[in-house]
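Enquirer: What follows is the file protein-v8.txt, containing compact mmCIF, C-alpha atoms:
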# COMPACT_ATOMS: atom_id res chain seq x y z
CA MET A 1 35.42 97.36 16.77
CA ALA A 2 36.54 93.79 16.40
CA ALA A 3 39.05 92.00 18.51
CA THR A 4 42.28 90.77 17.03
CA PRO A 5 41.39 87.45 15.40
CA CYS A 6 43.18 84.45 16.90
CA THR A 7 44.29 81.03 15.80
CA SER A 8 42.51 77.83 16.68
CA ASP A 9 43.79 77.98 20.24
CA ASP A 10 42.61 81.60 20.53
CA SER A 11 46.10 82.66 21.54
CA LYS A 12 47.74 84.47 18.63
CA PRO A 13 46.56 86.85 15.91
CA GLU A 14 45.47 84.98 12.80
CA GLN A 15 47.14 85.88 9.52
CA LEU A 16 44.40 86.02 6.94
CA PRO A 17 45.14 85.76 3.23
CA SER A 18 44.94 89.01 1.33
CA VAL A 19 43.40 87.47 -1.74
CA GLY A 20 41.39 84.38 -2.53
CA LYS A 21 37.95 83.25 -1.48
CA SER A 22 35.82 85.58 0.52
CA SER A 23 34.76 84.48 3.97
CA TYR A 24 31.25 83.68 2.80
CA ASP A 25 32.52 81.72 -0.21
CA ALA A 26 34.86 79.79 2.05
CA MET A 27 31.87 78.78 4.14
CA THR A 28 29.66 77.73 1.27
CA GLY A 29 32.36 76.31 -1.00
CA SER A 30 31.20 78.36 -3.97
CA ALA A 31 33.78 79.97 -6.22
CA PRO A 32 33.92 83.77 -6.25
CA GLU A 33 33.44 85.66 -9.44
CA ALA A 34 36.72 87.50 -8.92
CA PRO A 35 39.52 87.46 -6.37
CA ALA A 36 38.61 89.21 -3.14
CA PRO A 37 40.32 92.55 -2.61
CA ALA A 38 43.29 92.78 -0.32
CA LEU A 39 42.55 93.46 3.31
CA PRO A 40 42.90 97.15 4.16
CA GLU A 41 46.06 98.35 5.83
CA PHE A 42 45.72 99.50 9.42
CA PRO A 43 47.94 102.35 10.64
CA GLU A 44 48.03 100.89 14.20
CA GLY A 45 48.53 104.42 15.52
CA GLY A 46 49.24 107.93 14.33
CA ARG A 47 47.83 111.33 15.21
CA GLN A 48 44.31 110.86 13.86
CA ALA A 49 44.04 107.33 15.21
CA TRP A 50 44.83 108.41 18.76
CA LEU A 51 42.64 111.52 18.46
CA THR A 52 39.79 109.18 17.58
CA VAL A 53 40.63 107.01 20.58
CA LEU A 54 40.65 110.17 22.73
CA GLY A 55 37.23 111.12 21.41
CA GLY A 56 35.91 107.67 22.22
CA PHE A 57 37.41 107.94 25.71
CA LEU A 58 35.56 111.23 26.27
CA ILE A 59 32.26 109.79 25.04
CA LEU A 60 32.53 106.77 27.34
CA PHE A 61 33.52 109.14 30.15
CA CYS A 62 30.19 110.95 29.76
CA THR A 63 27.84 108.06 28.98
CA PHE A 64 28.97 104.85 30.64
CA GLY A 65 30.71 106.85 33.36
CA THR A 66 27.30 108.19 34.39
CA VAL A 67 25.83 104.67 34.38
CA GLN A 68 28.59 103.33 36.61
CA SER A 69 28.17 106.15 39.09
CA PHE A 70 24.44 105.45 39.47
CA GLY A 71 25.13 104.08 42.95
CA VAL A 72 25.39 107.72 44.03
CA TYR A 73 21.93 108.44 42.60
CA GLN A 74 20.56 105.22 44.11
CA ASP A 75 21.73 106.30 47.56
CA TYR A 76 20.48 109.90 47.20
CA TYR A 77 17.12 108.86 45.76
CA SER A 78 16.53 106.31 48.52
CA ARG A 79 17.33 108.84 51.26
CA VAL A 80 15.94 112.11 49.83
CA LEU A 81 14.34 112.43 46.42
CA LEU A 82 12.39 109.14 46.30
CA SER A 83 12.46 108.13 49.94
CA GLU A 84 8.95 106.67 49.74
CA ARG A 85 10.00 104.18 47.04
CA THR A 86 11.50 100.69 47.39
CA ALA A 87 15.02 99.83 46.29
CA SER A 88 13.60 97.97 43.29
CA ASP A 89 11.53 100.98 42.20
CA ILE A 90 14.56 103.25 42.33
CA SER A 91 16.88 100.84 40.55
CA TRP A 92 14.48 100.85 37.57
CA ILE A 93 15.74 104.38 36.87
CA GLY A 94 19.35 103.29 36.51
CA SER A 95 18.51 100.05 34.72
CA MET A 96 16.30 101.85 32.20
CA GLN A 97 19.09 104.35 31.60
CA THR A 98 21.53 101.49 31.00
CA PHE A 99 19.04 99.72 28.73
CA LEU A 100 18.60 102.82 26.56
CA LEU A 101 22.38 103.19 26.44
CA PHE A 102 22.70 99.71 24.94
CA ALA A 103 19.42 99.39 23.04
CA GLY A 104 20.44 102.34 20.87
CA GLY A 105 23.11 100.03 19.47
CA LEU A 106 20.63 98.22 17.23
CA PRO A 107 19.86 101.16 14.91
CA THR A 108 23.25 102.85 15.33
CA GLY A 109 25.17 99.70 14.46
CA LYS A 110 23.50 99.58 11.05
CA LEU A 111 23.84 103.35 10.60
CA PHE A 112 27.54 103.16 11.42
CA ASP A 113 28.12 100.41 8.85
CA ASP A 114 26.28 102.56 6.27
CA GLY A 115 28.53 105.56 6.88
CA TYR A 116 26.42 107.73 9.18
CA PHE A 117 29.02 107.94 11.95
CA HIS A 118 29.05 111.73 12.33
CA HIS A 119 25.27 111.95 12.06
CA CYS A 120 24.86 109.52 14.97
CA LEU A 121 27.55 111.30 16.98
CA ALA A 122 26.13 114.80 16.59
CA PHE A 123 22.45 113.91 16.96
CA GLY A 124 23.14 111.52 19.85
CA SER A 125 25.20 114.14 21.68
CA LEU A 126 22.34 116.65 21.46
CA ILE A 127 19.81 114.14 22.78
CA TYR A 128 22.10 113.09 25.60
CA LEU A 129 22.85 116.65 26.73
CA PHE A 130 19.16 117.57 26.58
CA SER A 131 18.33 114.56 28.76
CA ILE A 132 20.98 115.41 31.36
CA PHE A 133 19.86 119.03 31.66
CA MET A 134 16.22 117.94 31.92
CA LEU A 135 17.17 115.55 34.73
CA SER A 136 18.18 118.57 36.82
CA LEU A 137 14.57 119.82 36.66
CA VAL A 138 12.87 116.74 38.12
CA GLN A 139 10.88 117.12 41.30
CA PRO A 140 10.68 114.64 44.20
CA GLY A 141 8.78 111.52 43.16
CA GLN A 142 9.39 111.95 39.41
CA TYR A 143 11.22 109.56 37.06
CA TYR A 144 13.27 110.61 34.07
CA GLN A 145 15.36 108.67 31.58
CA GLU A 146 18.07 109.28 29.01
CA TRP A 147 18.35 107.98 25.44
CA GLU A 148 21.58 108.13 23.54
CA LEU A 149 23.02 107.05 20.21
CA ILE A 150 26.73 107.69 20.61
CA MET A 151 28.35 104.88 22.61
CA LEU A 152 28.44 102.21 19.91
CA PRO A 153 29.79 104.42 17.09
CA ALA A 154 32.50 105.67 19.47
CA LEU A 155 33.58 102.09 20.06
CA SER A 156 33.18 100.81 16.50
CA VAL A 157 35.21 103.53 14.77
CA THR A 158 38.35 102.33 16.56
CA SER A 159 38.34 99.32 14.22
CA HIS A 160 39.15 101.67 11.31
CA TYR A 161 42.61 102.37 12.72
CA PHE A 162 43.66 99.27 14.64
CA ARG A 163 43.78 95.55 13.93
CA ARG A 164 46.81 94.06 15.68
CA ARG A 165 46.52 96.51 18.61
CA ARG A 166 42.75 96.76 18.53
CA ALA A 167 42.08 95.34 21.99
CA VAL A 168 44.55 97.82 23.50
CA ALA A 169 42.94 100.78 21.71
CA MET A 170 39.51 99.52 22.71
CA GLY A 171 40.66 99.26 26.30
CA VAL A 172 41.76 102.89 26.31
CA VAL A 173 38.37 103.96 24.95
CA ILE A 174 36.43 101.89 27.47
CA ALA A 175 38.68 103.12 30.30
CA GLY A 176 36.91 106.43 29.80
CA SER A 177 33.86 104.93 31.49
CA SER A 178 35.80 104.08 34.65
CA THR A 179 37.46 107.49 34.71
CA GLY A 180 34.10 109.19 34.30
CA ALA A 181 32.57 107.01 37.02
CA VAL A 182 35.33 107.97 39.48
CA VAL A 183 35.00 111.68 38.72
CA PHE A 184 31.19 111.76 38.68
CA SER A 185 30.71 109.64 41.79
CA ILE A 186 33.05 111.83 43.88
CA LEU A 187 31.76 115.07 42.36
CA LEU A 188 28.06 114.24 42.66
CA ASN A 189 28.31 112.82 46.18
CA ASN A 190 29.83 116.06 47.38
CA LEU A 191 27.49 118.32 45.40
CA PHE A 192 24.26 116.44 46.18
CA ASN A 193 25.00 116.38 49.89
CA GLY A 194 26.53 119.87 50.09
CA LYS A 195 25.30 123.39 49.59
CA VAL A 196 24.92 123.04 45.82
CA GLY A 197 22.21 120.35 45.97
CA PHE A 198 20.79 117.98 43.39
CA PRO A 199 19.71 120.36 40.56
CA TRP A 200 23.01 122.20 40.20
CA GLY A 201 24.97 119.04 40.90
CA VAL A 202 23.39 117.46 37.83
CA ARG A 203 23.91 120.66 35.81
CA THR A 204 27.58 120.71 36.74
CA ALA A 205 27.95 117.21 35.34
CA ALA A 206 25.99 118.28 32.25
CA PHE A 207 28.37 121.17 31.54
CA ILE A 208 31.32 118.77 31.78
CA ASP A 209 29.52 116.49 29.31
CA LEU A 210 28.95 119.45 26.98
CA VAL A 211 32.66 120.27 26.76
CA PHE A 212 33.75 116.66 26.36
CA LEU A 213 31.13 115.70 23.76
CA LEU A 214 31.85 118.80 21.71
CA THR A 215 35.55 117.90 21.73
CA ALA A 216 34.78 114.32 20.71
CA ASN A 217 32.65 115.48 17.77
CA LEU A 218 35.50 117.67 16.55
CA VAL A 219 38.38 115.19 16.79
CA MET A 220 36.84 111.85 15.78
CA LYS A 221 36.94 110.76 12.14
CA THR A 222 36.28 107.59 10.20
CA ARG A 223 38.99 106.27 7.89
CA LEU A 224 37.60 103.42 5.78
CA PRO A 225 34.81 103.88 3.22
CA SER A 226 31.44 102.62 4.38
CA ARG A 227 29.52 99.94 2.54
CA ARG A 228 27.24 102.66 1.12
CA GLU A 229 30.27 104.48 -0.34
CA ARG A 230 31.65 101.41 -2.15
CA PRO A 231 29.63 100.72 -5.32
CA ASN A 232 30.65 97.04 -5.52
CA ALA A 233 30.22 96.29 -1.83
CA LYS A 234 28.12 93.26 -0.99
CA PRO A 235 25.28 93.75 1.47
CA ILE A 236 25.66 92.23 4.91
CA ASN A 237 24.39 88.66 4.97
CA ILE A 238 21.97 89.12 7.87
CA ARG A 239 20.86 85.50 7.61
CA ALA A 240 24.43 84.33 8.16
CA VAL A 241 24.80 86.66 11.15
CA LEU A 242 21.54 85.53 12.74
CA SER A 243 22.30 81.84 12.19
CA ASP A 244 25.80 82.01 13.71
CA GLY A 245 25.48 79.70 16.71
CA GLY A 246 28.78 80.63 18.33
CA TYR A 247 27.97 84.31 18.03
CA TRP A 248 24.60 83.84 19.74
CA LEU A 249 26.12 81.75 22.51
CA CYS A 250 28.51 84.63 23.12
CA ILE A 251 25.63 87.12 23.24
CA ILE A 252 23.59 84.92 25.61
CA GLY A 253 26.61 84.45 27.84
CA ALA A 254 27.32 88.18 27.88
CA ALA A 255 23.66 88.94 28.67
CA LEU A 256 23.67 86.53 31.62
CA VAL A 257 26.87 88.08 32.96
CA PHE A 258 25.54 91.62 32.61
CA TRP A 259 22.32 90.49 34.31
CA GLY A 260 24.18 90.29 37.59
CA LEU A 261 27.41 92.21 37.06
CA PHE A 262 26.12 95.68 37.95
CA VAL A 263 24.45 94.74 41.23
CA PRO A 264 27.51 95.78 43.30
CA PHE A 265 27.87 99.00 41.28
CA PHE A 266 24.29 99.95 42.18
CA TYR A 267 24.16 98.78 45.78
CA LEU A 268 27.65 98.88 47.34
CA GLN A 269 27.28 102.41 48.70
CA VAL A 270 23.85 101.63 50.22
CA PHE A 271 25.23 98.34 51.58
CA ALA A 272 28.18 100.12 53.19
CA GLU A 273 26.02 102.80 54.81
CA LEU A 274 23.50 100.31 56.19
CA HIS A 275 26.35 98.36 57.78
CA GLY A 276 27.49 101.37 59.74
CA LEU A 277 30.41 102.65 57.68
CA PRO A 278 31.09 106.38 58.07
CA LYS A 279 29.59 108.48 55.29
CA SER A 280 33.06 109.75 54.45
CA LEU A 281 34.06 106.21 53.47
CA ALA A 282 30.71 105.02 52.13
CA PHE A 283 30.76 107.94 49.68
CA TYR A 284 34.02 106.61 48.28
CA ALA A 285 32.98 102.96 47.96
CA ILE A 286 31.85 103.45 44.34
CA PRO A 287 34.88 105.61 43.32
CA ILE A 288 37.26 102.97 44.76
CA MET A 289 35.58 100.26 42.70
CA ASN A 290 35.58 102.38 39.55
CA ALA A 291 39.21 103.47 40.03
CA SER A 292 40.23 99.81 40.16
CA SER A 293 38.02 99.16 37.13
CA LEU A 294 40.16 101.66 35.21
CA PHE A 295 43.10 99.25 35.45
CA GLY A 296 40.80 96.30 34.78
CA ARG A 297 39.78 97.87 31.47
CA THR A 298 43.32 98.44 30.23
CA ILE A 299 45.69 95.74 31.53
CA PRO A 300 43.52 92.75 30.40
CA ASN A 301 43.24 94.33 26.95
CA PHE A 302 47.02 94.39 26.56
CA LEU A 303 47.03 90.69 27.45
CA GLY A 304 44.09 90.06 25.12
CA ASP A 305 46.13 91.19 22.11
CA TYR A 306 48.65 88.42 22.82
CA PHE A 307 46.59 85.58 24.28
CA GLY A 308 43.22 86.19 22.66
CA PRO A 309 40.21 88.04 24.10
CA PHE A 310 38.32 84.95 25.25
CA ASN A 311 41.34 83.54 27.07
CA ILE A 312 41.54 86.68 29.21
CA MET A 313 37.84 87.49 29.50
CA ILE A 314 36.71 84.08 30.76
CA PRO A 315 38.99 83.99 33.85
CA CYS A 316 38.00 87.58 34.67
CA THR A 317 34.33 86.60 34.50
CA ILE A 318 34.75 83.50 36.69
CA ILE A 319 36.58 85.54 39.33
CA SER A 320 33.92 88.29 39.18
CA GLY A 321 31.16 85.76 39.80
CA GLY A 322 33.02 84.39 42.81
CA LEU A 323 33.83 87.84 44.18
CA ILE A 324 30.15 88.82 44.38
CA TYR A 325 29.86 86.42 47.30
CA LEU A 326 32.65 88.37 49.05
CA MET A 327 30.46 91.47 49.19
CA PHE A 328 29.09 89.84 52.37
CA ALA A 329 32.46 90.69 53.93
CA ALA A 330 32.32 94.36 52.92
CA THR A 331 30.88 95.39 56.29
CA GLY A 332 33.97 97.20 57.53
CA VAL A 333 36.54 99.60 56.16
CA ALA A 334 39.05 96.94 55.10
CA GLY A 335 36.41 94.65 53.61
CA THR A 336 34.81 97.44 51.58
CA VAL A 337 38.13 98.65 50.17
CA VAL A 338 39.40 95.15 49.31
CA PHE A 339 36.12 94.13 47.69
CA GLY A 340 35.94 97.37 45.69
CA ILE A 341 39.48 96.98 44.36
CA LEU A 342 39.16 93.31 43.40
CA TYR A 343 35.66 93.47 41.96
CA GLY A 344 36.36 96.68 40.08
CA PHE A 345 39.42 95.19 38.41
CA PHE A 346 38.02 91.82 37.32
CA SER A 347 34.55 93.06 36.33
CA GLY A 348 36.30 95.77 34.32
CA GLY A 349 38.25 93.06 32.52
CA PHE A 350 35.02 91.47 31.33
CA ILE A 351 33.36 94.76 30.36
CA SER A 352 36.30 95.92 28.27
CA ILE A 353 36.93 92.66 26.40
CA ILE A 354 33.39 91.48 25.69
CA THR A 355 33.00 93.96 22.81
CA PRO A 356 36.08 92.80 20.85
CA ALA A 357 35.18 89.20 21.72
CA VAL A 358 31.72 89.57 20.14
CA ALA A 359 33.20 91.37 17.14
CA SER A 360 35.70 88.56 16.59
CA PHE A 361 32.86 86.56 15.01
CA SER A 362 32.64 89.11 12.17
CA ARG A 363 33.67 87.80 8.77
CA ASP A 364 33.98 91.28 7.30
CA LEU A 365 34.78 94.72 8.70
CA ASN A 366 31.40 96.00 7.52
CA GLU A 367 29.65 93.48 9.78
CA ILE A 368 31.20 94.84 12.95
CA GLY A 369 28.68 97.59 13.70
CA THR A 370 25.71 95.35 12.96
CA ARG A 371 26.99 92.46 15.09
CA ILE A 372 27.86 94.71 18.01
CA GLY A 373 24.53 96.53 17.65
CA ILE A 374 22.56 93.27 17.86
CA ALA A 375 24.60 92.19 20.87
CA CYS A 376 24.08 95.52 22.64
CA PHE A 377 20.34 95.38 22.05
CA VAL A 378 20.03 91.90 23.59
CA ILE A 379 22.35 92.77 26.48
CA GLY A 380 20.23 95.87 27.10
CA PHE A 381 17.30 93.71 28.25
CA ALA A 382 19.51 91.97 30.80
CA LEU A 383 20.68 95.35 32.10
CA LEU A 384 17.08 96.56 32.18
CA THR A 385 15.91 93.81 34.55
CA GLY A 386 18.99 92.74 36.51
CA THR A 387 19.24 95.43 39.17
CA PRO A 388 15.45 95.81 39.68
CA ILE A 389 15.30 92.05 40.31
CA ALA A 390 18.13 92.48 42.81
CA GLY A 391 16.23 95.38 44.38
CA ALA A 392 13.07 93.28 44.72
CA LEU A 393 15.09 90.50 46.31
CA VAL A 394 16.85 92.78 48.79
CA GLN A 395 13.71 94.61 49.99
CA GLN A 396 10.17 93.28 49.73
CA ASN A 397 8.45 96.58 50.56
CA HIS A 398 9.34 100.16 51.40
CA ASN A 399 9.52 99.65 55.16
CA GLY A 400 10.83 96.10 55.00
CA PRO A 401 14.31 95.00 56.06
CA TYR A 402 17.21 94.62 53.62
CA ILE A 403 18.02 90.93 53.02
CA TRP A 404 21.33 91.00 51.20
CA TRP A 405 22.08 87.34 50.59
CA ARG A 406 19.28 86.95 48.04
CA PRO A 407 20.44 89.53 45.44
CA LEU A 408 24.09 88.57 45.87
CA VAL A 409 23.42 84.87 45.30
CA PHE A 410 21.25 85.72 42.29
CA ALA A 411 23.95 87.94 40.78
CA SER A 412 26.73 85.43 41.34
CA ILE A 413 24.79 82.51 39.84
CA VAL A 414 23.82 84.31 36.63
CA VAL A 415 27.38 85.63 36.13
CA LEU A 416 28.82 82.12 36.46
CA ALA A 417 26.09 80.68 34.19
CA GLY A 418 27.03 83.24 31.56
CA THR A 419 30.64 82.14 31.83
CA VAL A 420 29.63 78.61 30.82
CA CYS A 421 28.07 79.99 27.62
CA LEU A 422 31.19 82.06 26.89
CA ILE A 423 33.38 78.97 27.23
CA ALA A 424 31.18 77.08 24.75
CA SER A 425 31.24 80.08 22.39
CA ARG A 426 35.04 80.17 22.51
CA GLN A 427 35.20 76.51 21.53
CA ILE A 428 33.03 77.11 18.47
CA LEU A 429 35.15 80.09 17.41
CA SER A 430 38.34 78.06 17.84
CA LYS A 431 37.00 75.26 15.64
CA ARG A 432 35.96 77.75 13.00
CA LYS A 433 39.41 79.30 12.88
CA SER A 434 41.12 75.92 12.83
CA THR A 435 39.37 75.31 9.49
CA HIS A 436 40.35 78.83 8.28
CA ILE A 437 36.79 80.14 8.28
CA LEU A 438 36.51 83.52 9.93
What is this file in C-alpha cells?
Expert:
Amino acid sequence: MAATPCTSDDSKPEQLPSVGKSSYDAMTGSAPEAPAPALPEFPEGGRQAWLTVLGGFLILFCTFGTVQSFGVYQDYYSRVLLSERTASDISWIGSMQTFLLFAGGLPTGKLFDDGYFHHCLAFGSLIYLFSIFMLSLVQPGQYYQEWELIMLPALSVTSHYFRRRRAVAMGVVIAGSSTGAVVFSILLNNLFNGKVGFPWGVRTAAFIDLVFLLTANLVMKTRLPSRRERPNAKPINIRAVLSDGGYWLCIIGAALVFWGLFVPFFYLQVFAELHGLPKSLAFYAIPIMNASSLFGRTIPNFLGDYFGPFNIMIPCTIISGGLIYLMFAATGVAGTVVFGILYGFFSGGFISIITPAVASFSRDLNEIGTRIGIACFVIGFALLTGTPIAGALVQQNHNGPYIWWRPLVFASIVVLAGTVCLIASRQILSKRKSTHIL
C-alpha cells in the first residue's frame, strides 16, 4: 500500500535500479552477498487487479463509511437513546469505534506481511458483522463497540498490483468510505427517525455489510508471495523501521491532524440543528460533506501520482485546518452547504493520501503492512481522544450550554500543528531520495 516513490523534489516517480545493493546495504555501506533480485513487475491494472480494488472499496464502504456517518448516531443518541449523557460521553462511542478500526492495524499489518491476508479478511468480517448485529440489541443507556481486522489488509493488498498508479488505485479504495458514509447517513437518518426505528435501522445496515463483505472476500486476492513463502527472504529490520526519524515525524503529524479532523464529521449535524436549521436539511449536512469527500479522495490521488503524495497532501491539510474555523459560519442553509462541500473535499484529500505517504518510507514491499500497521495504531489513540475532548470543550455538563468556539479552535490548531510535522517529514524523505536511499 505504498505511494509511488518520488525524486528528491517529491514530484516524479523515482526509477529504482533493478539490481545492485539492497536498500539496507545502501544505507549501511556494506556489500551484499549477492545481487539483489529484480523488482517485481506490476500489472498496473487487469481484471484481478480491479476486482481487488473493488473488494477494497466495498470493505471501506462498510467500515470507514460507518465511522464517517457517526454524526447520525451522535445526533440520535443525544436526543433519544442516551439523552441523559453529555456530548463528550456520547462521542466516546464513536471515537472508541474509530480507535478499534485503526488499532487493529498493528497485528494485521504483520499478519498481512506474513501472508495471512485471507485469514484476516474472513475472521475480521465475521467479527465486524457480529458487532453490528449486536449493536441493534442495545438498550437505552448502554454502550457497545466494534472491533475489526479488515481495513488495513484491504488497503495494503492494492500494492501487489499497482506501483506507478498506486495512489489512484488507493484513492478508489478509500473512496468507498465516503460512498458508504453518504449511503449510511441518509439511510440511517430516515430509518432511525421513521417507523423502522433504531434496532431495524442498524440491522438494515448490517445486512448491506453482509452482502458487501461476502463479495469482497470472494473477489480479493494477493499476487506477490509473502515473506513467509519466500525461503531466502530477509526478516523485516524492525530496528530500522523504529529508528526512521522521517517516518515517525510523518506518523506524529498524521496523528495530530486526525486528532482534530473528525470533529466536524461528528458534530456538524448537531451544530446545524442547534442553530435552527430545518431537520430536512440538518439530516443532510453529513451526507453533503461525505459526498464532497468522495471527490476529495479520488482527484487528489490522481494528482499525487504525478506531483508526489506529500506535495498534494500538505496543501489539503493546511486548507482543512483553516476551514474548521469556517464552521462558525455554518448557521444557515448556504453556510452549511458551502462548509460541507469544501471541508469534505479537502479533508478527504488528506485522508486518502496519508496512507501512501506513510508507506513511501518503506524500503521494501514486505515492510508496507508493518509500517502502515504501526502508523494506524498510533493514529488510533488520536482518534480515540480527539472527539471526546471536543465534546468536553463544547459542553461542560449535561444541561450546560454548547460553547462551539472552544472545540473548533482546538481542532484547527492541532490540524495545523500536524501539518508542520508533515512538512518536516517531507523534507527528510526528499533528502533521502536525493542520495538514492529509499
Enquirer: Which residue, A:Phe307, A:Phe198, A:Trp92, A:Trp248, has the smallest gap to A:Ala390 when you use all atoms listed in the file?
Expert: A:Trp92
Enquirer: Quick one: axis-aligned box around all listed atoms of stretch 359-377 of chain A, 4 Å on every side, centre and edge lengths in Å to one decimal, written as AutoDock Vina command-line options.
Expert:
--center_x 28.0 --center_y 92.1 --center_z 15.0 --size_x 23.4 --size_y 19.0 --size_z 23.3
Enquirer: Could you give me, as a Markdown table, every stretch 253-320 of chain A residue with an atom at most 10 Å from stretch 60-71 of chain A, plus its closest atom pair and distance in Å to one decimal, counting all atoms listed in the file, rows ordered by chain then number?
Expert:
| residue | atom | partner | partner_atom | distance |
| --- | --- | --- | --- | --- |
| A:Phe262 | CA | A:Gln68 | CA | 8.1 |
| A:Val263 | CA | A:Gly71 | CA | 9.5 |
| A:Pro264 | CA | A:Gly71 | CA | 8.6 |
| A:Phe265 | CA | A:Gly71 | CA | 6.0 |
| A:Phe266 | CA | A:Gly71 | CA | 4.3 |
| A:Tyr267 | CA | A:Gly71 | CA | 6.1 |
| A:Leu268 | CA | A:Gly71 | CA | 7.3 |
| A:Gln269 | CA | A:Gly71 | CA | 6.4 |
| A:Val270 | CA | A:Gly71 | CA | 7.8 |
| A:Phe283 | CA | A:Gly71 | CA | 9.6 |
| A:Ala285 | CA | A:Gly71 | CA | 9.4 |
| A:Ile286 | CA | A:Gly71 | CA | 6.9 |
| A:Pro287 | CA | A:Ser69 | CA | 8.0 |
| A:Met289 | CA | A:Gln68 | CA | 9.8 |
| A:Asn290 | CA | A:Gln68 | CA | 7.6 |
Enquirer: Show me the residues around (31.5, 116.0, 15.5) - criterion: an atom at most 6 Å away, all atoms listed in the file counted - as a PDB file with C-alpha atoms, in the coordinates of the input.
Expert:
ATOM      1  CA  HIS A 118      29.050 111.730  12.330  1.00  0.00           C
ATOM      2  CA  ALA A 122      26.130 114.800  16.590  1.00  0.00           C
ATOM      3  CA  ASN A 217      32.650 115.480  17.770  1.00  0.00           C
ATOM      4  CA  LEU A 218      35.500 117.670  16.550  1.00  0.00           C
TER       5      LEU A 218
END
Enquirer: Within 12 Å of (26.3, 122.7, 34.1) in the file's own coordinates, which protein, DNA or RNA residues have an atom, counting all atoms listed in the file? List them as an MDAnalysis selection string.
Expert: chainID A and resid 129:130 132:136 196 198:211
Enquirer: Taking into account all atoms listed in the file, which residue in the set A:Ser320, A:Ser91, A:Ser347, A:Thr108 is nearest to A:Cys376?
Expert: A:Thr108
Enquirer: What does the distance from atom CA of A:Thr419 to atom CA of A:Phe361 come to in Å, to one decimal?
Expert: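 Atom-to-atom, atom CA of A:Thr419 and atom CA of A:Phe361 are spaced 17.5 Å apart.
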Enquirer: Can you tell me how far atom CA of A:Val337 sits from atom CA of A:Tyr76, in Å to one decimal?
Expert: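 Pair atom CA of A:Val337 / atom CA of A:Tyr76 returns 21.1 Å.
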Enquirer: Just the number, please: distance in Å from atom CA of A:Trp50 to atom CA of A:Leu214, one decimal.
Expert: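 Distance between the two atoms: 16.9 Å.
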Enquirer: Can you build me a table of stretch 251-296 of chain A residues sitting at most 6 Å from stretch 381-387 of chain A, with the closest atom pair per residue and its distance in Å to one decimal, using only C-alpha atoms, sorted by chain and residue number, as CSV?
Expert:
residue,atom,partner,partner_atom,distance
A:Ala255,CA,A:Ala382,CA,5.6
A:Trp259,CA,A:Gly386,CA,4.6
A:Gly260,CA,A:Gly386,CA,5.8
A:Val263,CA,A:Thr387,CA,5.6
Enquirer: Measuring atom to atom with all atoms listed in the file, identify which of A:Ile252, A:Leu294, A:Ile127, A:Ala272 is nearest to A:Gly171.
Expert: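 The answer is A:Leu294, which sits nearest to A:Gly171.
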Enquirer: Give the answer as one residue: which of A:Tyr306, A:Glu273, A:Ile413, A:Ser360 has the shortest atom-to-atom distance to A:Ile318, using only C-alpha atoms?
Expert: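 So, comparing all the options, the nearest one is A:Ile413.
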Enquirer: Pick out the closest residue to A:Val219 from this set: A:Ala392, A:His119, A:Ala417, A:Arg47. Count only C-alpha atoms.
Expert: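 Once distances to A:Val219 are computed over only C-alpha atoms, the minimum belongs to A:Arg47.
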Enquirer: Just checking: using all atoms listed in the file, which residue out of A:Ala357, A:Tyr402, A:Ser292, A:Leu191 ends up closest to A:Tyr343?
Expert: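 Result for the nearest residue to A:Tyr343: A:Ser292.
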Enquirer: Tell me, as a VMD selection string, which residues lie within 7 Å of A:Thr52, counting only C-alpha atoms; anything in the same chain fewer than 3 positions away does not count.
Expert: chain A and resid 48 to 49 55 to 56 219 to 221
Enquirer: Can you pull out the residues contacting A:Thr317? Cut-off 8 Å, using only C-alpha atoms, and skip same-chain residues under 2 positions away; I want them as a list in words.
Expert: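 Near A:Thr317, the qualifying residues are Val257, Met313, Ile314, Pro315, Ile319, Ser320, Gly321, Phe346, Ser347, Gly349, Phe350, Val415, Leu416 and Thr419 of chain A.
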